[in-house]
Amino acid sequence: MKLYNTLSRDTEDFQPQDPKNVRMYVCGVTPYSSTHVGHALSYIVFDVLRRYLEYTGYVINHVQNFTDIDDKIIAKSKEEGITENNLTTRYINDFFITMDALNVKRATTYPRATEEIPDIIETISKLIDDGYAYAVGSDVYFRVNKSKDYGILSNRSTDDMISGSRIDIDLNKESSMDFALWKGSKKDEPEWLSPWGPGRPGWHIECTTMSTKYLGNQLDIHGGGMDLVFPHHENEIAQSEAYTSEKPFSKIWMHNGLLQFGQDKMSKSLGNLVSVESALQKHSADALRLYLLSSHYRSPLNYSDEGCDAVERSLQRLRFALQPSEGTEQNLDPSNFKNDFLSHMDHDLDTPQAIAIIFDLGREINRAKESNMNVQVAQSTLTEMGAILGLTFDTPEQSSLTQAAPFVDLLVEIRQDLRESNQYELADKIRNVLASHSISIEDTSEGTKWH
RNA sequence: GGCGACGUAGCCAAGUGGUCUAAGGCGGAGGUCUGCAAAACCUCUAUUCGGCGGUUCGAAUCCGCCCGUCGCCUCCA
């Protein structure tokens, strides 16, 4: 399998250190607001990567963190008058409920920064001992100048960064590039005891501690959104390689393109977020997933309800293709479709092309059904390919209809009687009335169906 | 100022130098089926890939310049 590596800016053959097991670390969320469709994109992409790697025989150790302490979390909990832990636990639960609803497989381990403080302190201590970090009062900073390769991931030089910097220069730091590993606590802030005084970990260091602790010094895949390349992942590389003295920290760095909304990026600061919860009220999980996978994972994608609606309509055709069929003529052989599907997945997770194959097979099945062919093998292949993309092909539940079902059945029955006595005007009236309640009628060779 | 991405049909969106007179989806037009529909299926819907040059036997794909859109450099998936 080939994967694009942000580090080399090129597509490379994927070869984990261990031929059977894959160590994958995916940057998780900072839990202080509802899970939005941008998160969904990122985690669905890595879910598909994982499903595909598992399909090809690898065992995946997938670690995903929660950075459950930072400035935003502190501010939000103050605003709501609850503890930081209450706030983050609420949104971590929201995250799990959302991911389950999207059929995203659970990671192997979900470490939380606040539960790893002793290890984080140990990591920082070693960095200080080795000369990579220094304390100023109760703050600790990483000494960027000591990292010769700094900028290797985001392809920028420290000189450029300093000259174009929008950050106010902090006089405590040796260099404006240095970043905080430990932040001494201010008034009314949560704090943990440390050799440098009470405080909390800075952003970045938790990932170094957790990834090395749960996956070892070198990862096979490290992933996250494109917006994490700088400074987060750049700083992780600097810290981690300084800490372990091993390079590279991760063999492959994968970054998904960011979801746009209208003209802008969807982001917390712009406040143009669409929560997954609200998206799932309008669209099925399959439709949302298929929509997000319909453009390549490294391209930006513009989220729209219209786009999801279009995908929902297209899904209906696939669901139809999977309905049981009694064909007895020769088998439809799906092996070419499967081979094409897999070769597109092999090519840097080319889900748009893979999806095109799924639609090709769906059409082929429907065509074969009409000529009474046996399509069972082809149908199970279609289901299998869908499963690699995390699609269930489940028919969306119309829960509001279950109570009305006996009445709809009755109307359909009456309509059938009317049709048999050629009273089409009344029959069509029933159909129109049902249609106005979003219930559609289909007269098939096996009787009338409604949904 | 630095780094990077993208510009393909009415819309969304692939495209791994030659099988690209460019996948797939939505929408649209016509047809088969049907009492009529719906669904499904069939046919059609970009001789052309922002513009201009260049490399090559050959470019949507590589290189340069220009125009336009966006992202990162500050919290972010």
# chains A, B, ... in the order shown; residues from 1 in each chain; ligands from 1
$ closest_atom_pairs --of "chain A" --to "chain B" --cutoff "7 Å" --atoms "only C-alpha atoms (C1' of nucleotides)" --output "tab-separated table"
residue	atom	partner	partner_atom	distance
A:Gly38	CA	B:A77	C1'	6.0
A:His39	CA	B:A77	C1'	4.6
A:Ser42	CA	B:A77	C1'	5.3
A:Asn155	CA	B:C3	C1'	6.6
A:Arg156	CA	B:C3	C1'	6.0
A:Asp160	CA	B:G2	C1'	5.4
A:Met161	CA	B:C73	C1'	6.7
A:Gly164	CA	B:G1	C1'	6.2
A:Ser165	CA	B:C73	C1'	6.9
A:Ile167	CA	B:U74	C1'	6.8
A:Gly224	CA	B:A77	C1'	6.1
A:Gly225	CA	B:A77	C1'	4.5
A:Asp227	CA	B:C72	C1'	6.8
A:Ser267	CA	B:C76	C1'	6.4
A:Lys268	CA	B:C76	C1'	6.5
A:Ser294	CA	B:A13	C1'	7.0
A:Ser295	CA	B:A13	C1'	6.1
A:Gly307	CA	B:C12	C1'	6.6
A:Ala310	CA	B:C26	C1'	5.1
A:Ser314	CA	B:G25	C1'	6.8
A:Pro352	CA	B:A14	C1'	6.0
A:Gln353	CA	B:A14	C1'	6.1
A:Ala356	CA	B:G24	C1'	4.1
A:Asn366	CA	B:A40	C1'	6.8
A:Arg367	CA	B:C41	C1'	6.2
A:Ile441	CA	B:A38	C1'	6.5
A:Glu442	CA	B:A38	C1'	5.2
$ write_last_selection --atoms "N, CA, C and O atoms" --output "mmCIF file, in the first residue's frame"
data_model
loop_
_atom_site.group_PDB
_atom_site.id
_atom_site.type_symbol
_atom_site.label_atom_id
_atom_site.label_comp_id
_atom_site.auth_asym_id
_atom_site.auth_seq_id
_atom_site.Cartn_x
_atom_site.Cartn_y
_atom_site.Cartn_z
ATOM 1 N N GLY A 38 -16.302 18.413 10.950
ATOM 2 C CA GLY A 38 -14.867 18.431 10.640
ATOM 3 C C GLY A 38 -14.139 17.322 11.385
ATOM 4 O O GLY A 38 -13.279 16.642 10.839
ATOM 5 N N HIS A 39 -14.494 17.138 12.652
ATOM 6 C CA HIS A 39 -13.938 16.016 13.408
ATOM 7 C C HIS A 39 -14.328 14.705 12.741
ATOM 8 O O HIS A 39 -13.513 13.792 12.610
ATOM 9 N N SER A 42 -12.128 13.786 9.830
ATOM 10 C CA SER A 42 -10.806 13.305 10.210
ATOM 11 C C SER A 42 -10.864 11.872 10.762
ATOM 12 O O SER A 42 -10.102 10.998 10.355
ATOM 13 N N ASN A 155 8.137 22.366 6.686
ATOM 14 C CA ASN A 155 8.943 22.965 5.631
ATOM 15 C C ASN A 155 9.095 24.468 5.813
ATOM 16 O O ASN A 155 8.713 25.239 4.939
ATOM 17 N N ARG A 156 9.602 24.836 6.947
ATOM 18 C CA ARG A 156 9.835 26.266 7.156
ATOM 19 C C ARG A 156 11.080 26.440 8.018
ATOM 20 O O ARG A 156 11.444 25.542 8.765
ATOM 21 N N ASP A 160 12.432 32.407 9.099
ATOM 22 C CA ASP A 160 11.185 32.870 8.485
ATOM 23 C C ASP A 160 10.099 33.031 9.527
ATOM 24 O O ASP A 160 9.309 33.968 9.497
ATOM 25 N N MET A 161 10.062 32.063 10.423
ATOM 26 C CA MET A 161 8.994 32.086 11.407
ATOM 27 C C MET A 161 9.110 33.272 12.349
ATOM 28 O O MET A 161 8.128 33.911 12.687
ATOM 29 N N GLY A 164 8.145 36.544 10.482
ATOM 30 C CA GLY A 164 6.732 36.720 10.149
ATOM 31 C C GLY A 164 5.809 36.459 11.320
ATOM 32 O O GLY A 164 4.610 36.360 11.159
ATOM 33 N N SER A 165 6.400 36.372 12.496
ATOM 34 C CA SER A 165 5.621 35.933 13.645
ATOM 35 C C SER A 165 4.569 36.937 14.074
ATOM 36 O O SER A 165 4.776 38.142 14.042
ATOM 37 N N ILE A 167 3.189 36.290 17.013
ATOM 38 C CA ILE A 167 3.143 36.066 18.458
ATOM 39 C C ILE A 167 3.884 37.205 19.163
ATOM 40 O O ILE A 167 4.943 37.637 18.717
ATOM 41 N N GLY A 224 -3.610 13.239 11.766
ATOM 42 C CA GLY A 224 -4.412 14.333 12.301
ATOM 43 C C GLY A 224 -4.813 15.271 11.175
ATOM 44 O O GLY A 224 -4.523 15.011 10.000
ATOM 45 N N GLY A 225 -5.454 16.344 11.533
ATOM 46 C CA GLY A 225 -5.873 17.319 10.538
ATOM 47 C C GLY A 225 -4.688 18.143 10.047
ATOM 48 O O GLY A 225 -3.676 18.276 10.727
ATOM 49 N N ASP A 227 -4.376 21.159 9.926
ATOM 50 C CA ASP A 227 -4.110 22.317 10.779
ATOM 51 C C ASP A 227 -3.179 21.995 11.944
ATOM 52 O O ASP A 227 -2.749 22.900 12.658
ATOM 53 N N SER A 267 -14.348 26.134 11.773
ATOM 54 C CA SER A 267 -13.473 26.096 12.936
ATOM 55 C C SER A 267 -14.127 26.708 14.151
ATOM 56 O O SER A 267 -15.089 27.466 14.050
ATOM 57 N N LYS A 268 -13.556 26.355 15.291
ATOM 58 C CA LYS A 268 -14.095 26.846 16.549
ATOM 59 C C LYS A 268 -14.044 28.366 16.614
ATOM 60 O O LYS A 268 -14.986 29.014 17.053
ATOM 61 N N SER A 294 -16.183 11.097 -0.393
ATOM 62 C CA SER A 294 -16.331 11.221 -1.837
ATOM 63 C C SER A 294 -15.307 12.164 -2.447
ATOM 64 O O SER A 294 -15.174 12.236 -3.661
ATOM 65 N N SER A 295 -14.589 12.902 -1.617
ATOM 66 C CA SER A 295 -13.426 13.621 -2.140
ATOM 67 C C SER A 295 -12.199 13.012 -1.457
ATOM 68 O O SER A 295 -12.321 12.394 -0.406
ATOM 69 N N GLY A 307 -25.342 18.490 -0.760
ATOM 70 C CA GLY A 307 -24.433 17.406 -1.134
ATOM 71 C C GLY A 307 -24.793 16.110 -0.430
ATOM 72 O O GLY A 307 -24.820 15.041 -1.050
ATOM 73 N N ALA A 310 -27.870 14.583 -1.986
ATOM 74 C CA ALA A 310 -27.571 13.921 -3.261
ATOM 75 C C ALA A 310 -27.003 12.529 -3.005
ATOM 76 O O ALA A 310 -27.350 11.557 -3.684
ATOM 77 N N SER A 314 -28.275 8.606 -3.924
ATOM 78 C CA SER A 314 -27.451 7.608 -4.613
ATOM 79 C C SER A 314 -27.346 6.321 -3.790
ATOM 80 O O SER A 314 -27.270 5.226 -4.336
ATOM 81 N N PRO A 352 -12.526 8.121 -3.406
ATOM 82 C CA PRO A 352 -13.445 8.526 -4.479
ATOM 83 C C PRO A 352 -13.487 7.495 -5.601
ATOM 84 O O PRO A 352 -14.551 7.173 -6.122
ATOM 85 N N GLN A 353 -12.322 6.979 -5.966
ATOM 86 C CA GLN A 353 -12.278 5.956 -7.024
ATOM 87 C C GLN A 353 -12.884 4.662 -6.526
ATOM 88 O O GLN A 353 -13.584 3.969 -7.263
ATOM 89 N N ALA A 356 -16.484 4.895 -6.700
ATOM 90 C CA ALA A 356 -16.957 4.767 -8.081
ATOM 91 C C ALA A 356 -17.128 3.289 -8.436
ATOM 92 O O ALA A 356 -18.093 2.904 -9.096
ATOM 93 N N ASN A 366 -27.884 -4.736 -10.231
ATOM 94 C CA ASN A 366 -29.262 -4.433 -10.607
ATOM 95 C C ASN A 366 -29.563 -4.905 -12.029
ATOM 96 O O ASN A 366 -30.660 -5.391 -12.322
ATOM 97 N N ARG A 367 -28.581 -4.776 -12.873
ATOM 98 C CA ARG A 367 -28.755 -5.206 -14.254
ATOM 99 C C ARG A 367 -28.886 -6.738 -14.300
ATOM 100 O O ARG A 367 -29.766 -7.280 -14.977
ATOM 101 N N ILE A 441 -44.884 5.096 -2.764
ATOM 102 C CA ILE A 441 -45.504 3.827 -3.127
ATOM 103 C C ILE A 441 -44.811 3.287 -4.366
ATOM 104 O O ILE A 441 -44.539 4.039 -5.297
ATOM 105 N N GLU A 442 -44.521 2.017 -4.324
ATOM 106 C CA GLU A 442 -43.958 1.373 -5.512
ATOM 107 C C GLU A 442 -44.753 0.112 -5.808
ATOM 108 O O GLU A 442 -44.828 -0.795 -4.985
#
$ select_by_dssp --residues "region 257-405 of chain A" --states "strand (DSSP E or B)" --output "tab-separated table (two decimals) with N, CA, C and O atoms, in the first residue's frame"
chain	number	residue	atom	x	y	z
A	259	LEU	N	-12.30	20.49	6.41
A	259	LEU	CA	-13.65	20.69	5.92
A	259	LEU	C	-13.95	22.18	5.89
A	259	LEU	O	-13.68	22.91	6.84
A	260	GLN	N	-14.51	22.63	4.77
A	260	GLN	CA	-14.89	24.04	4.66
A	260	GLN	C	-16.39	24.15	4.81
A	260	GLN	O	-17.13	23.20	4.57
A	261	PHE	N	-16.80	25.33	5.16
A	261	PHE	CA	-18.23	25.57	5.24
A	261	PHE	C	-18.49	26.90	4.59
A	261	PHE	O	-18.03	27.93	5.08
A	264	ASP	N	-15.41	29.58	4.13
A	264	ASP	CA	-14.36	29.53	5.14
A	264	ASP	C	-14.14	28.13	5.67
A	264	ASP	O	-14.97	27.25	5.54
A	265	LYS	N	-13.03	27.97	6.32
A	265	LYS	CA	-12.77	26.76	7.07
A	265	LYS	C	-13.79	26.66	8.19
A	265	LYS	O	-14.21	27.67	8.76
A	275	SER	N	-22.56	20.66	14.00
A	275	SER	CA	-22.33	19.50	14.85
A	275	SER	C	-22.77	18.24	14.13
A	275	SER	O	-23.66	18.26	13.29
A	301	LEU	N	-12.81	19.90	1.51
A	301	LEU	CA	-14.16	19.57	1.05
A	301	LEU	C	-15.12	20.56	1.66
A	301	LEU	O	-14.98	20.93	2.83
A	302	ASN	N	-16.07	21.00	0.86
A	302	ASN	CA	-17.05	21.97	1.35
A	302	ASN	C	-18.28	21.22	1.82
A	302	ASN	O	-18.89	20.50	1.05
A	329	GLU	N	-30.16	-18.02	-12.78
A	329	GLU	CA	-29.25	-18.17	-13.92
A	329	GLU	C	-27.81	-18.06	-13.42
A	329	GLU	O	-27.56	-18.02	-12.23
A	330	GLN	N	-26.87	-17.94	-14.34
A	330	GLN	CA	-25.45	-17.95	-13.96
A	330	GLN	C	-25.10	-16.87	-12.93
A	330	GLN	O	-25.79	-15.86	-12.80
A	331	ASN	N	-23.99	-17.11	-12.23
A	331	ASN	CA	-23.53	-16.18	-11.21
A	331	ASN	C	-22.94	-14.92	-11.81
A	331	ASN	O	-22.27	-14.98	-12.85
A	347	HIS	N	-3.82	2.84	-3.34
A	347	HIS	CA	-3.18	4.05	-3.83
A	347	HIS	C	-3.54	5.24	-2.95
A	347	HIS	O	-4.39	6.06	-3.30
A	373	MET	N	-30.12	-13.33	-13.03
A	373	MET	CA	-28.87	-13.99	-12.65
A	373	MET	C	-28.79	-14.12	-11.14
A	373	MET	O	-29.45	-13.41	-10.39
A	374	ASN	N	-27.94	-15.04	-10.70
A	374	ASN	CA	-27.68	-15.19	-9.27
A	374	ASN	C	-26.66	-14.13	-8.86
A	374	ASN	O	-25.55	-14.09	-9.38
$ residues_around --residues "region 45-53 of chain B" --least-positions-apart "3" --cutoff "6 Å" --atoms "only C-alpha atoms (C1' of nucleotides)" --output "number ranges by chain"
B: 7-9, 21, 60
$ residues_around --residues "Pro111 (chain A)" --least-positions-apart "3" --cutoff "7 Å" --atoms "only C-alpha atoms (C1' of nucleotides)" --output "PyMOL selection string"
chain A and resi 64-66
